[in-house]
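**Q** Structure supplied as upload-v7.tsv; contents: TSV, C-alpha atoms and all ligand atoms.
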```tsv
chain	number	residue	atom	x	y	z
J	1	MET	CA	-1.51	-184.20	-8.27
J	2	LYS	CA	-0.61	-186.80	-10.83
J	3	TYR	CA	1.43	-189.64	-9.44
J	4	LYS	CA	5.09	-189.23	-10.12
J	5	GLN	CA	7.43	-192.20	-10.19
J	6	ARG	CA	10.53	-191.00	-8.35
J	7	LYS	CA	13.92	-192.60	-8.43
J	8	LYS	CA	15.79	-193.62	-5.32
J	9	ALA	CA	18.54	-191.21	-4.32
J	10	LEU	CA	21.04	-190.82	-1.52
J	11	ILE	CA	23.45	-188.45	0.14
J	12	LEU	CA	26.84	-189.92	0.99
J	13	LEU	CA	29.09	-187.92	3.33
J	14	ALA	CA	32.88	-187.97	3.23
J	15	ASP	CA	32.93	-189.87	6.55
J	16	GLY	CA	30.97	-192.69	4.90
J	17	THR	CA	27.56	-191.88	6.42
J	18	ILE	CA	24.63	-192.45	4.06
J	19	PHE	CA	21.08	-191.08	4.16
J	20	HIS	CA	18.49	-192.31	1.70
J	21	GLY	CA	15.81	-190.36	-0.14
J	22	LYS	CA	14.16	-189.84	-3.51
J	23	SER	CA	15.11	-187.66	-6.45
J	24	ILE	CA	12.95	-184.70	-7.46
J	25	GLY	CA	13.81	-184.27	-11.12
J	26	LYS	CA	17.28	-184.34	-12.61
J	27	GLU	CA	19.02	-187.67	-12.21
J	28	GLY	CA	22.77	-188.01	-11.78
J	29	THR	CA	25.40	-187.07	-9.24
J	30	ALA	CA	26.43	-183.75	-7.67
J	31	PHE	CA	29.29	-182.98	-5.29
J	32	GLY	CA	29.86	-180.21	-2.78
J	33	GLU	CA	30.43	-179.31	0.84
J	34	VAL	CA	27.33	-180.18	2.85
J	35	CYS	CA	25.79	-177.37	4.90
J	36	PHE	CA	22.39	-176.59	6.39
J	37	ASN	CA	20.18	-173.52	6.49
J	38	THR	CA	17.59	-173.12	9.24
J	39	GLY	CA	15.52	-170.44	7.49
J	40	THR	CA	11.79	-171.09	7.52
J	41	THR	CA	11.20	-169.04	4.36
J	42	GLY	CA	13.25	-167.70	1.48
J	43	TYR	CA	14.39	-170.89	-0.23
J	44	GLN	CA	14.55	-169.29	-3.68
J	45	GLU	CA	16.82	-166.48	-2.44
J	46	ILE	CA	19.01	-169.06	-0.66
J	47	PHE	CA	19.36	-171.33	-3.70
J	48	THR	CA	20.33	-168.38	-5.96
J	49	ASP	CA	22.81	-166.78	-3.51
J	50	PRO	CA	26.31	-167.01	-5.11
J	51	SER	CA	27.84	-167.42	-1.63
J	52	TYR	CA	26.53	-171.01	-1.71
J	53	PHE	CA	28.37	-171.99	-4.88
J	54	GLY	CA	29.95	-175.41	-4.33
J	55	GLN	CA	27.71	-176.37	-1.41
J	56	ILE	CA	25.04	-179.04	-1.05
J	57	MET	CA	22.24	-177.40	0.89
J	58	VAL	CA	20.20	-179.20	3.52
J	59	THR	CA	17.09	-177.25	4.47
J	60	THR	CA	15.74	-177.80	7.97
J	61	ASN	CA	12.29	-176.41	7.22
J	62	ALA	CA	9.86	-179.31	6.90
J	63	HIS	CA	8.37	-178.17	3.56
J	64	ILE	CA	10.26	-176.82	0.59
J	65	GLY	CA	8.53	-175.68	-2.60
J	66	ASN	CA	5.06	-175.02	-1.17
J	67	TYR	CA	4.94	-171.37	-2.29
J	68	GLY	CA	6.57	-171.96	-5.68
J	69	THR	CA	8.98	-169.48	-7.23
J	70	LYS	CA	8.80	-165.97	-8.60
J	71	ASP	CA	11.12	-164.94	-11.43
J	72	ILE	CA	12.15	-161.69	-9.71
J	73	GLU	CA	12.91	-163.21	-6.31
J	74	VAL	CA	16.43	-164.23	-7.20
J	75	GLU	CA	19.81	-163.18	-5.86
J	76	SER	CA	21.61	-164.12	-9.10
J	77	ASP	CA	20.64	-165.52	-12.49
J	78	ASP	CA	21.30	-169.14	-11.60
J	79	ILE	CA	20.76	-171.77	-8.91
J	80	MET	CA	24.09	-171.56	-7.15
J	81	ILE	CA	23.89	-174.45	-4.69
J	82	ALA	CA	25.41	-177.70	-5.96
J	83	GLY	CA	22.22	-179.53	-4.98
J	84	LEU	CA	19.35	-179.60	-2.49
J	85	VAL	CA	18.54	-182.09	0.26
J	86	CYS	CA	15.16	-181.67	1.97
J	87	ARG	CA	12.51	-183.54	3.95
J	88	ASN	CA	9.22	-182.88	2.12
J	89	PHE	CA	9.29	-181.41	-1.38
J	90	SER	CA	6.05	-179.80	-2.58
J	91	PHE	CA	5.33	-180.45	-6.23
J	92	GLU	CA	2.15	-178.47	-5.70
J	93	TYR	CA	2.47	-174.80	-4.83
J	94	SER	CA	0.15	-172.06	-3.73
J	95	ARG	CA	0.84	-168.33	-3.75
J	96	PRO	CA	-0.80	-165.50	-5.62
J	97	GLY	CA	1.65	-164.29	-8.24
J	98	ALA	CA	3.98	-167.31	-8.23
J	99	ASP	CA	5.47	-167.87	-11.67
J	100	ARG	CA	6.29	-171.58	-11.49
J	101	SER	CA	6.91	-174.53	-9.25
J	102	LEU	CA	10.21	-175.12	-7.51
J	103	GLU	CA	10.45	-178.39	-9.45
J	104	ALA	CA	10.27	-176.44	-12.74
J	105	PHE	CA	12.83	-173.96	-11.39
J	106	PHE	CA	15.31	-176.78	-10.63
J	107	ASP	CA	14.63	-178.36	-14.04
J	108	ALA	CA	15.20	-175.03	-15.81
J	109	HIS	CA	18.58	-174.67	-14.12
J	110	ASP	CA	19.46	-178.35	-14.52
J	111	LYS	CA	20.17	-178.87	-10.81
J	112	MET	CA	19.61	-181.90	-8.61
J	113	ALA	CA	17.36	-182.00	-5.57
J	114	ILE	CA	16.52	-184.94	-3.34
J	115	SER	CA	13.79	-185.26	-0.72
J	116	ASP	CA	12.40	-187.69	1.84
J	117	VAL	CA	15.73	-187.57	3.66
J	118	ASP	CA	15.81	-187.65	7.48
J	119	THR	CA	17.13	-184.08	7.55
J	120	ARG	CA	16.90	-183.83	11.36
J	121	ALA	CA	19.33	-186.72	11.76
J	122	LEU	CA	21.51	-185.39	8.93
J	123	VAL	CA	21.73	-181.92	10.47
J	124	ARG	CA	22.52	-183.40	13.89
J	125	HIS	CA	25.28	-185.40	12.23
J	126	ILE	CA	26.77	-182.25	10.63
J	127	ARG	CA	26.47	-180.35	13.94
J	128	ASP	CA	28.33	-183.14	15.75
J	129	ASN	CA	30.93	-183.91	13.10
J	130	GLY	CA	31.37	-180.62	11.26
J	131	ALA	CA	31.15	-179.48	7.65
J	132	MET	CA	32.46	-182.02	5.15
J	133	ASN	CA	32.23	-182.89	1.48
J	134	ALA	CA	29.30	-184.95	0.27
J	135	VAL	CA	27.69	-186.32	-2.85
J	136	ILE	CA	24.02	-186.63	-3.77
J	137	SER	CA	23.22	-189.21	-6.40
J	138	THR	CA	20.58	-191.36	-8.05
J	139	ASP	CA	23.35	-193.89	-8.74
J	140	VAL	CA	22.38	-195.71	-5.53
J	141	ASP	CA	23.96	-199.03	-6.41
J	142	ASN	CA	27.41	-197.53	-6.94
J	143	ILE	CA	28.40	-196.56	-3.38
J	144	GLU	CA	32.04	-197.61	-3.79
J	145	GLY	CA	32.37	-195.64	-7.05
J	146	LEU	CA	30.80	-192.55	-5.45
J	147	LYS	CA	33.16	-192.85	-2.47
J	148	LYS	CA	36.17	-192.85	-4.81
J	149	GLN	CA	34.93	-189.80	-6.73
J	150	LEU	CA	34.09	-187.99	-3.48
J	151	ALA	CA	37.64	-188.49	-2.20
J	152	ASP	CA	38.91	-186.39	-5.14
J	153	ILE	CA	36.69	-183.36	-4.41
J	154	PRO	CA	38.80	-180.50	-3.03
J	155	ASP	CA	38.34	-179.35	0.55
J	156	MET	CA	36.50	-176.04	1.08
J	157	ASN	CA	39.40	-174.90	3.27
J	158	GLY	CA	41.75	-173.05	0.91
J	159	LEU	CA	39.33	-173.18	-2.03
J	160	GLU	CA	39.01	-170.12	-4.27
J	161	LEU	CA	35.51	-169.96	-5.76
J	162	ALA	CA	34.83	-166.25	-6.33
J	163	SER	CA	36.20	-166.46	-9.89
J	164	LYS	CA	33.52	-169.05	-10.74
J	165	VAL	CA	30.58	-166.75	-9.93
J	166	SER	CA	31.95	-163.25	-10.57
J	167	THR	CA	30.85	-161.18	-13.57
J	168	LYS	CA	33.17	-161.54	-16.57
J	169	GLU	CA	32.72	-157.90	-17.62
J	170	PRO	CA	32.00	-154.77	-15.58
J	171	TYR	CA	28.36	-153.63	-15.58
J	172	PHE	CA	26.27	-150.81	-14.14
J	173	TYR	CA	23.34	-150.92	-11.72
J	174	GLY	CA	20.90	-148.12	-10.86
J	175	ASP	CA	20.24	-144.66	-12.20
J	176	GLU	CA	23.23	-142.97	-13.78
J	177	ASN	CA	21.99	-139.60	-12.48
J	178	ALA	CA	21.98	-140.82	-8.88
J	179	LYS	CA	23.70	-138.73	-6.22
J	180	TYR	CA	26.48	-141.19	-5.29
J	181	LYS	CA	28.75	-143.41	-7.33
J	182	ILE	CA	30.01	-146.69	-5.89
J	183	SER	CA	32.55	-149.15	-7.27
J	184	ALA	CA	31.68	-152.68	-6.15
J	185	LEU	CA	33.99	-155.67	-6.41
J	186	ASP	CA	31.90	-158.71	-7.37
J	187	ILE	CA	33.32	-161.73	-5.56
J	188	GLY	CA	29.82	-163.28	-5.58
J	189	ILE	CA	27.48	-160.31	-5.15
J	190	LYS	CA	23.80	-160.75	-4.27
J	191	LYS	CA	21.30	-158.63	-6.20
J	192	ASN	CA	19.68	-157.32	-3.04
J	193	ILE	CA	22.89	-155.52	-2.12
J	194	LEU	CA	22.70	-153.64	-5.42
J	195	ARG	CA	18.99	-152.94	-4.83
J	196	ASN	CA	19.80	-151.55	-1.37
J	197	LEU	CA	22.54	-149.26	-2.73
J	198	ALA	CA	20.39	-148.06	-5.66
J	199	LYS	CA	17.51	-147.36	-3.24
J	200	ARG	CA	19.85	-144.98	-1.38
J	201	ASP	CA	20.51	-142.92	-4.49
J	202	ALA	CA	23.67	-144.72	-5.59
J	203	TYR	CA	24.77	-145.68	-9.09
J	204	VAL	CA	26.96	-148.77	-8.92
J	205	LYS	CA	29.64	-150.04	-11.25
J	206	VAL	CA	30.25	-153.73	-10.61
J	207	PHE	CA	33.71	-155.15	-11.34
J	208	PRO	CA	35.03	-158.70	-11.86
J	209	TYR	CA	36.80	-160.43	-8.94
J	210	ASN	CA	40.28	-159.78	-10.39
J	211	ALA	CA	39.84	-156.08	-11.17
J	212	LYS	CA	42.63	-153.78	-9.99
J	213	PHE	CA	42.17	-150.80	-7.69
J	214	GLU	CA	42.92	-148.55	-10.69
J	215	ASP	CA	39.94	-150.06	-12.58
J	216	LEU	CA	37.62	-149.31	-9.68
J	217	GLU	CA	39.14	-145.85	-9.18
J	218	ALA	CA	38.66	-144.91	-12.85
J	219	PHE	CA	34.87	-144.79	-12.25
J	220	LYS	CA	35.61	-141.89	-9.83
J	221	PRO	CA	33.39	-143.43	-7.15
J	222	ASP	CA	32.39	-141.80	-3.86
J	223	GLY	CA	32.76	-145.14	-2.11
J	224	TYR	CA	33.98	-148.71	-2.51
J	225	PHE	CA	32.17	-151.95	-1.76
J	226	LEU	CA	33.40	-155.55	-1.31
J	227	SER	CA	30.70	-158.17	-1.76
J	228	ASN	CA	29.72	-161.48	-0.22
J	229	GLY	CA	30.72	-164.64	-2.06
J	230	PRO	CA	31.67	-168.32	-1.95
J	231	GLY	CA	34.76	-170.18	-0.83
J	232	ASP	CA	37.74	-169.39	1.37
J	233	PRO	CA	38.68	-165.68	1.54
J	234	GLU	CA	42.40	-166.40	1.95
J	235	PRO	CA	43.25	-167.16	-1.71
J	236	LEU	CA	41.54	-163.92	-2.85
J	237	VAL	CA	44.80	-161.98	-3.11
J	238	GLU	CA	43.55	-159.58	-5.81
J	239	ALA	CA	40.56	-158.56	-3.71
J	240	GLN	CA	42.82	-158.13	-0.65
J	241	ALA	CA	45.11	-155.90	-2.74
J	242	VAL	CA	42.12	-153.74	-3.75
J	243	ALA	CA	41.09	-153.45	-0.09
J	244	LYS	CA	44.62	-152.42	0.92
J	245	GLU	CA	44.73	-149.68	-1.73
J	246	VAL	CA	41.35	-148.29	-0.66
J	247	ILE	CA	42.39	-148.42	3.03
J	248	ASP	CA	45.76	-146.73	2.35
J	249	ARG	CA	43.95	-143.84	0.65
J	250	ASN	CA	41.42	-143.58	3.50
J	251	LEU	CA	38.45	-143.85	1.12
J	252	PRO	CA	34.96	-145.02	2.24
J	253	LEU	CA	34.83	-148.82	2.19
J	254	PHE	CA	32.07	-151.24	3.21
J	255	GLY	CA	32.33	-155.04	3.12
J	256	ILE	CA	29.73	-157.76	3.58
J	257	CYS	CA	30.54	-161.36	4.59
J	258	LEU	CA	33.31	-162.51	2.20
J	259	GLY	CA	34.09	-158.79	1.71
J	260	HIS	CA	34.35	-158.42	5.51
J	261	GLN	CA	36.79	-161.35	5.63
J	262	VAL	CA	38.84	-159.78	2.83
J	263	ILE	CA	39.04	-156.49	4.78
J	264	ALA	CA	40.24	-158.41	7.87
J	265	LEU	CA	42.90	-160.21	5.82
J	266	ALA	CA	44.00	-156.88	4.29
J	267	ASN	CA	44.62	-155.76	7.90
J	268	GLY	CA	46.70	-158.83	8.70
J	269	ILE	CA	43.90	-160.56	10.66
J	270	SER	CA	43.62	-164.23	9.72
J	271	THR	CA	40.45	-166.17	8.93
J	272	TYR	CA	39.59	-169.74	9.86
J	273	LYS	CA	37.13	-172.43	8.83
J	274	MET	CA	34.33	-172.80	11.37
J	275	HIS	CA	33.09	-176.18	12.59
J	276	HIS	CA	29.81	-175.96	10.63
J	277	GLY	CA	29.17	-172.24	10.12
J	278	HIS	CA	26.11	-170.01	10.48
J	279	ARG	CA	23.29	-170.26	7.95
J	280	GLY	CA	19.82	-169.02	8.75
J	281	ILE	CA	17.63	-165.96	9.18
J	282	ASN	CA	17.41	-165.58	12.96
J	283	HIS	CA	20.99	-165.22	14.17
J	284	PRO	CA	21.27	-162.83	17.14
J	285	VAL	CA	23.95	-160.16	16.93
J	286	LYS	CA	24.80	-157.39	19.39
J	287	ASN	CA	25.89	-154.00	18.16
J	288	LEU	CA	28.54	-153.05	20.73
J	289	GLU	CA	28.35	-149.35	19.84
J	290	THR	CA	24.60	-148.95	20.46
J	291	GLY	CA	24.06	-151.91	22.80
J	292	LYS	CA	21.12	-152.97	20.63
J	293	GLY	CA	20.38	-156.49	19.45
J	294	GLU	CA	19.70	-157.38	15.82
J	295	ILE	CA	18.19	-160.52	14.35
J	296	THR	CA	20.28	-161.18	11.29
J	297	SER	CA	20.49	-163.23	8.14
J	298	GLN	CA	23.70	-165.26	8.03
J	299	ASN	CA	25.50	-167.53	5.62
J	300	HIS	CA	29.14	-168.19	6.31
J	301	GLY	CA	31.50	-171.08	6.97
J	302	PHE	CA	34.60	-168.99	7.71
J	303	ALA	CA	35.15	-166.29	10.32
J	304	ILE	CA	37.86	-163.84	11.34
J	305	ASN	CA	40.21	-164.49	14.25
J	306	ARG	CA	38.91	-162.83	17.40
J	307	GLU	CA	42.21	-162.60	19.36
J	308	GLU	CA	44.02	-161.04	16.41
J	309	THR	CA	41.18	-158.55	15.97
J	310	GLU	CA	41.21	-157.64	19.67
J	311	GLY	CA	44.98	-157.20	19.55
J	312	HIS	CA	44.92	-155.01	16.43
J	313	ASP	CA	45.84	-151.32	16.93
J	314	ASP	CA	43.55	-150.00	14.25
J	315	VAL	CA	40.59	-152.42	14.17
J	316	ASP	CA	37.68	-152.43	16.62
J	317	ILE	CA	35.04	-155.13	17.00
J	318	THR	CA	31.65	-153.43	16.49
J	319	HIS	CA	29.32	-156.46	16.40
J	320	VAL	CA	29.38	-159.85	18.06
J	321	HIS	CA	27.38	-163.02	17.36
J	322	LEU	CA	25.46	-163.76	20.57
J	323	ASN	CA	25.34	-167.55	20.16
J	324	ASP	CA	29.08	-168.20	20.00
J	325	HIS	CA	30.71	-164.76	20.44
J	326	THR	CA	32.40	-164.87	17.04
J	327	VAL	CA	33.24	-161.50	15.47
J	328	ALA	CA	30.22	-160.25	13.51
J	329	GLY	CA	31.43	-156.75	12.57
J	330	ILE	CA	34.51	-154.53	12.59
J	331	LYS	CA	35.56	-150.98	11.82
J	332	MET	CA	38.92	-149.32	11.41
J	333	LYS	CA	39.66	-146.61	13.98
J	334	SER	CA	41.70	-144.33	11.75
J	335	LYS	CA	39.93	-145.07	8.44
J	336	ASN	CA	36.55	-144.80	6.80
J	337	VAL	CA	36.20	-148.60	6.70
J	338	PHE	CA	33.70	-151.02	8.23
J	339	SER	CA	32.29	-154.46	7.52
J	340	VAL	CA	29.95	-157.15	8.82
J	341	GLN	CA	30.06	-160.93	8.72
J	342	TYR	CA	26.29	-161.17	8.25
J	343	HIS	CA	23.82	-160.01	5.60
J	344	PRO	CA	22.19	-156.58	6.14
J	345	GLU	CA	20.58	-156.95	2.70
J	346	ALA	CA	18.78	-160.02	4.10
J	347	SER	CA	16.87	-161.64	1.21
J	348	PRO	CA	15.99	-163.85	2.85
J	349	GLY	CA	15.77	-162.57	6.39
J	350	PRO	CA	14.75	-159.72	8.64
J	351	ASN	CA	15.59	-156.10	7.90
J	352	ASP	CA	17.00	-155.15	11.31
J	353	SER	CA	20.42	-154.38	9.85
J	354	THR	CA	19.64	-152.25	6.79
J	355	TYR	CA	20.88	-149.22	8.79
J	356	LEU	CA	24.37	-150.36	7.77
J	357	PHE	CA	23.67	-149.25	4.19
J	358	ASP	CA	22.63	-145.84	5.58
J	359	GLN	CA	25.85	-145.79	7.60
J	360	PHE	CA	27.86	-146.42	4.40
J	361	ILE	CA	26.10	-143.51	2.66
J	362	GLU	CA	26.79	-141.31	5.72
J	363	ASN	CA	30.46	-142.29	5.59
J	364	ILE	CA	30.48	-141.25	1.94
J	365	GLN	CA	28.83	-137.93	2.78
J	366	ASN	CA	31.31	-137.28	5.58
J	367	ASN	CA	34.31	-138.04	3.42
Z	401	LIG	N1	28.09	-165.16	2.42
Z	401	LIG	C1	29.39	-165.06	2.28
Z	401	LIG	O1	29.92	-164.09	1.74
Z	401	LIG	C2	30.22	-166.26	2.71
Z	401	LIG	C3	31.69	-165.96	2.84
Z	401	LIG	C4	32.55	-167.23	2.88
Z	401	LIG	N2	32.42	-167.94	1.64
Z	401	LIG	C5	32.18	-168.10	4.05
Z	401	LIG	O2	31.60	-169.13	3.88
Z	401	LIG	O3	32.47	-167.74	5.17
```
Please render this file's structure as structure tokens.
Ligand SMILES: NC(=O)CC[C@H](N)C(=O)O

**A**
Amino acid sequence: MKYKQRKKALILLADGTIFHGKSIGKEGTAFGEVCFNTGTTGYQEIFTDPSYFGQIMVTTNAHIGNYGTKDIEVESDDIMIAGLVCRNFSFEYSRPGADRSLEAFFDAHDKMAISDVDTRALVRHIRDNGAMNAVISTDVDNIEGLKKQLADIPDMNGLELASKVSTKEPYFYGDENAKYKISALDIGIKKNILRNLAKRDAYVKVFPYNAKFEDLEAFKPDGYFLSNGPGDPEPLVEAQAVAKEVIDRNLPLFGICLGHQVIALANGISTYKMHHGHRGINHPVKNLETGKGEITSQNHGFAINREETEGHDDVDITHVHLNDHTVAGIKMKSKNVFSVQYHPEASPGPNDSTYLFDQFIENIQNN
């Protein structure tokens, strides 16, 4: 590998903590909420997941970039994280069929990445002190200036971000002669959700975050879907209104992650910001209906209120996160509605939970 002169870089947290490293490519400054993902593989899917919009991603895996990137292994058309912080960045890559290096991928999307950071200490700091805003920068001699700019970055709590990543115009996915039609609200949808629906003989019309129930209804769908996505679910009043309309009409509805939170809010169950969230590909979940365990892919910083869910007349908890007993899935007793806080589409992650897509299709059939 030819020697590459790399600029000094740093990550500065809102509490004043600084970790030093080196820049990968793009120089400059990027802001976001710092979070960490413990996945050992799947960095390209993570970086392109719209749920991460506005977040600086710390990867705990020791090597990032070593298997390069493949143009089709994306969850959206852009790098959605605000920037990457890792330990060892591989400029060299090795995988049959890889299209380009991760360095080239970051350059193509004009995003910052920094490496040679003590990510173990950084992750321990986030685990102890909670999620907070941060800045990564090559402007290492301007700490005071960066601190001032960082103070003006809005808090993730209360932040609406779905509008920043949602499609501007409706579009179609799948085969128009497929057996089922689904209207999906895009509040940050991952491509692998669409792939999973299309694989089950569904033709999907995808709508912008602020579409009305009537827009979704006009497609004459057999079922409705609320996607994953970034930011706080509470400000998403349009999406909550769509959920309420679908629920009132007792139509089949499935929600994933942000969509799950929106369904809870539509039922009057509040959401809250977690201490540092769940992001990884080996989170244990118990399905309370079957008693079976699932290893799941997760990526969320908010969750729904457990007491309010337990006290709700018409909502049952169906899945629970086994590490901290947070609510991982719900269904409505009197309606054709269910949702999960985790990612059955995986990408990255294990496929233990893809049965939930089958369950949605069954709900559609039974309707
Ligand atoms: N993956 C998601 O949909 C994330 C939902 C929400 N933005 C959260 O952090 O909790």

**Q** Could you give me, as a PyMOL selection string, every polymer residue with an atom at most 10 Å away from an atom of ligand LIG 401 (chain Z), counting all atoms listed in the file?

**A** chain J and resi 49-55+156-157+159-162+187-190+226-234+255-262+271-274+276-279+297-304+340-343

**Q** Between J:Asn250, J:Ser115, J:Thr40, J:Ser347, which has the minimum distance to J:Ser137 (counting only C-alpha atoms)?

**A**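 Result for the nearest residue to J:Ser137: J:Ser115.
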
**Q** Taking (30.3, -161.0, -15.7) in the file's coordinates as the center, which residues reach within 9 Å of it, counting only C-alpha atoms, put as an NGL selection string?

**A** :J and (165-171 or 186 or 206-208)

**Q** Near J:Ile114, within 10 Å and counting all atoms listed in the file, which residues show up once chain neighbours fewer than 5 positions away are dropped, as a list in words?

**A** Arg6, Lys7, Lys8, Ala9, Leu10, Ile11, His20, Gly21, Lys22, Ser23, Ile24, Gly25, Lys26, Glu27, Val58, Gly83, Leu84, Val85, Cys86, Arg87, Asn88, Phe89, Ile136, Ser137 and Thr138 of chain J

**Q** Pick out the residues sitting within 12 Å of J:Asn323, and hand them over as a ChimeraX atom specification; count all atoms listed in the file, and ignore anything fewer than 3 positions along from it in its own chain.

**A** /J:277-278,282-286,295,320,326-328

**Q** Let me make sure I understand: among J:Thr59, J:Phe36, J:Glu176, J:Asp155, which one has the smallest atom-to-atom distance to J:Arg127 if we use all atoms listed in the file?

**A**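 The closest residue to J:Arg127 is J:Phe36.
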
**Q** What gap, in Å, lies between atom CA of J:Gln149 and atom CA of J:Ala134?

**A**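 Atom-to-atom, atom CA of J:Gln149 to atom CA of J:Ala134, that is 10.2 Å.
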
**Q** List as a list in words the protein and nucleic acid residues near stretch 67-78 of chain J, meaning an atom at most 7 Å away when only C-alpha atoms are counted, but skip any in the same chain fewer than 6 places from it.

**A** Gln44, Glu45, Thr48, Asp49, Pro50, Tyr93, Ser94, Arg95, Ala98, Asp99, Arg100, Ser101, Leu102, His109, Lys190, Lys191 and Asn192 of chain J

**Q** One decimal, Å: what's the distance from atom CA of J:Lys199 over to atom CA of J:Asp316, could you say?

**A**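 Value for the atom CA of J:Lys199-atom CA of J:Asp316 distance: 28.8 Å.
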
**Q** Given the choices J:Asn196, J:Ser334, J:Asn351, J:Asn367, which gets closest to J:Glu294 if the distance is worked out from all atoms listed in the file?

**A**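 Looking only at the distances to J:Glu294, the closest residue turns out to be J:Asn351.
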
**Q** Using only the atoms of stretch 167-184 of chain J listed in the file, plus 6 Å on each side, state the axis-aligned box centre and edge lengths in Å rounded to one decimal, as lines of an AutoDock Vina configuration file.

**A**
```
center_x = 26.7
center_y = -150.1
center_z = -11.5
size_x = 24.9
size_y = 34.8
size_z = 24.3
```

**Q** Which residue, J:His319, J:Glu362, J:Glu308, J:Asp116, has the smallest gap to J:Thr290 when you use only C-alpha atoms?

**A**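 Using only C-alpha atoms, J:Thr290 sits closest to J:His319.
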
**Q** Mind pulling up the distance from atom CA of J:Ala82 to atom CA of J:Gly158?

**A**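 Answer for the atom CA of J:Gly158 to atom CA of J:Ala82 separation: 18.3 Å.
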
**Q** Nearest to J:Phe338: which of J:Ser163, J:Thr318, J:Thr309, J:Asn177 is it, counting only C-alpha atoms?

**A**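 Of J:Ser163, J:Thr318, J:Thr309, J:Asn177, the one nearest J:Phe338, counting only C-alpha atoms, is J:Thr318.
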
**Q** With distances taken over only C-alpha atoms, which residue among J:Leu197, J:Ala202, J:Ala131, J:Ala30 lies nearest J:Ala178?

**A** J:Ala202

**Q** Env of J:Phe254: 7 Å cut, atoms = all atoms listed in the file, seq-sep filter 3 positions within chain, self excluded. Answer as a tab-separated table (two decimals) with C-alpha atoms, in the coordinates of the input.

**A**
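Just written: selection-v2.tsv:
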```tsv
chain	number	residue	atom	x	y	z
J	224	TYR	CA	33.98	-148.71	-2.51
J	225	PHE	CA	32.17	-151.95	-1.76
J	226	LEU	CA	33.40	-155.55	-1.31
J	337	VAL	CA	36.20	-148.60	6.70
J	338	PHE	CA	33.70	-151.02	8.23
J	339	SER	CA	32.29	-154.46	7.52
J	360	PHE	CA	27.86	-146.42	4.40
```

**Q** Please provide the set of residues having any atom within 7 Å of J:Ala14, restricted to all atoms listed in the file, with same-chain residues fewer than 2 positions apart removed, written as number ranges by chain.

**A** J: 12, 16, 132-134, 150
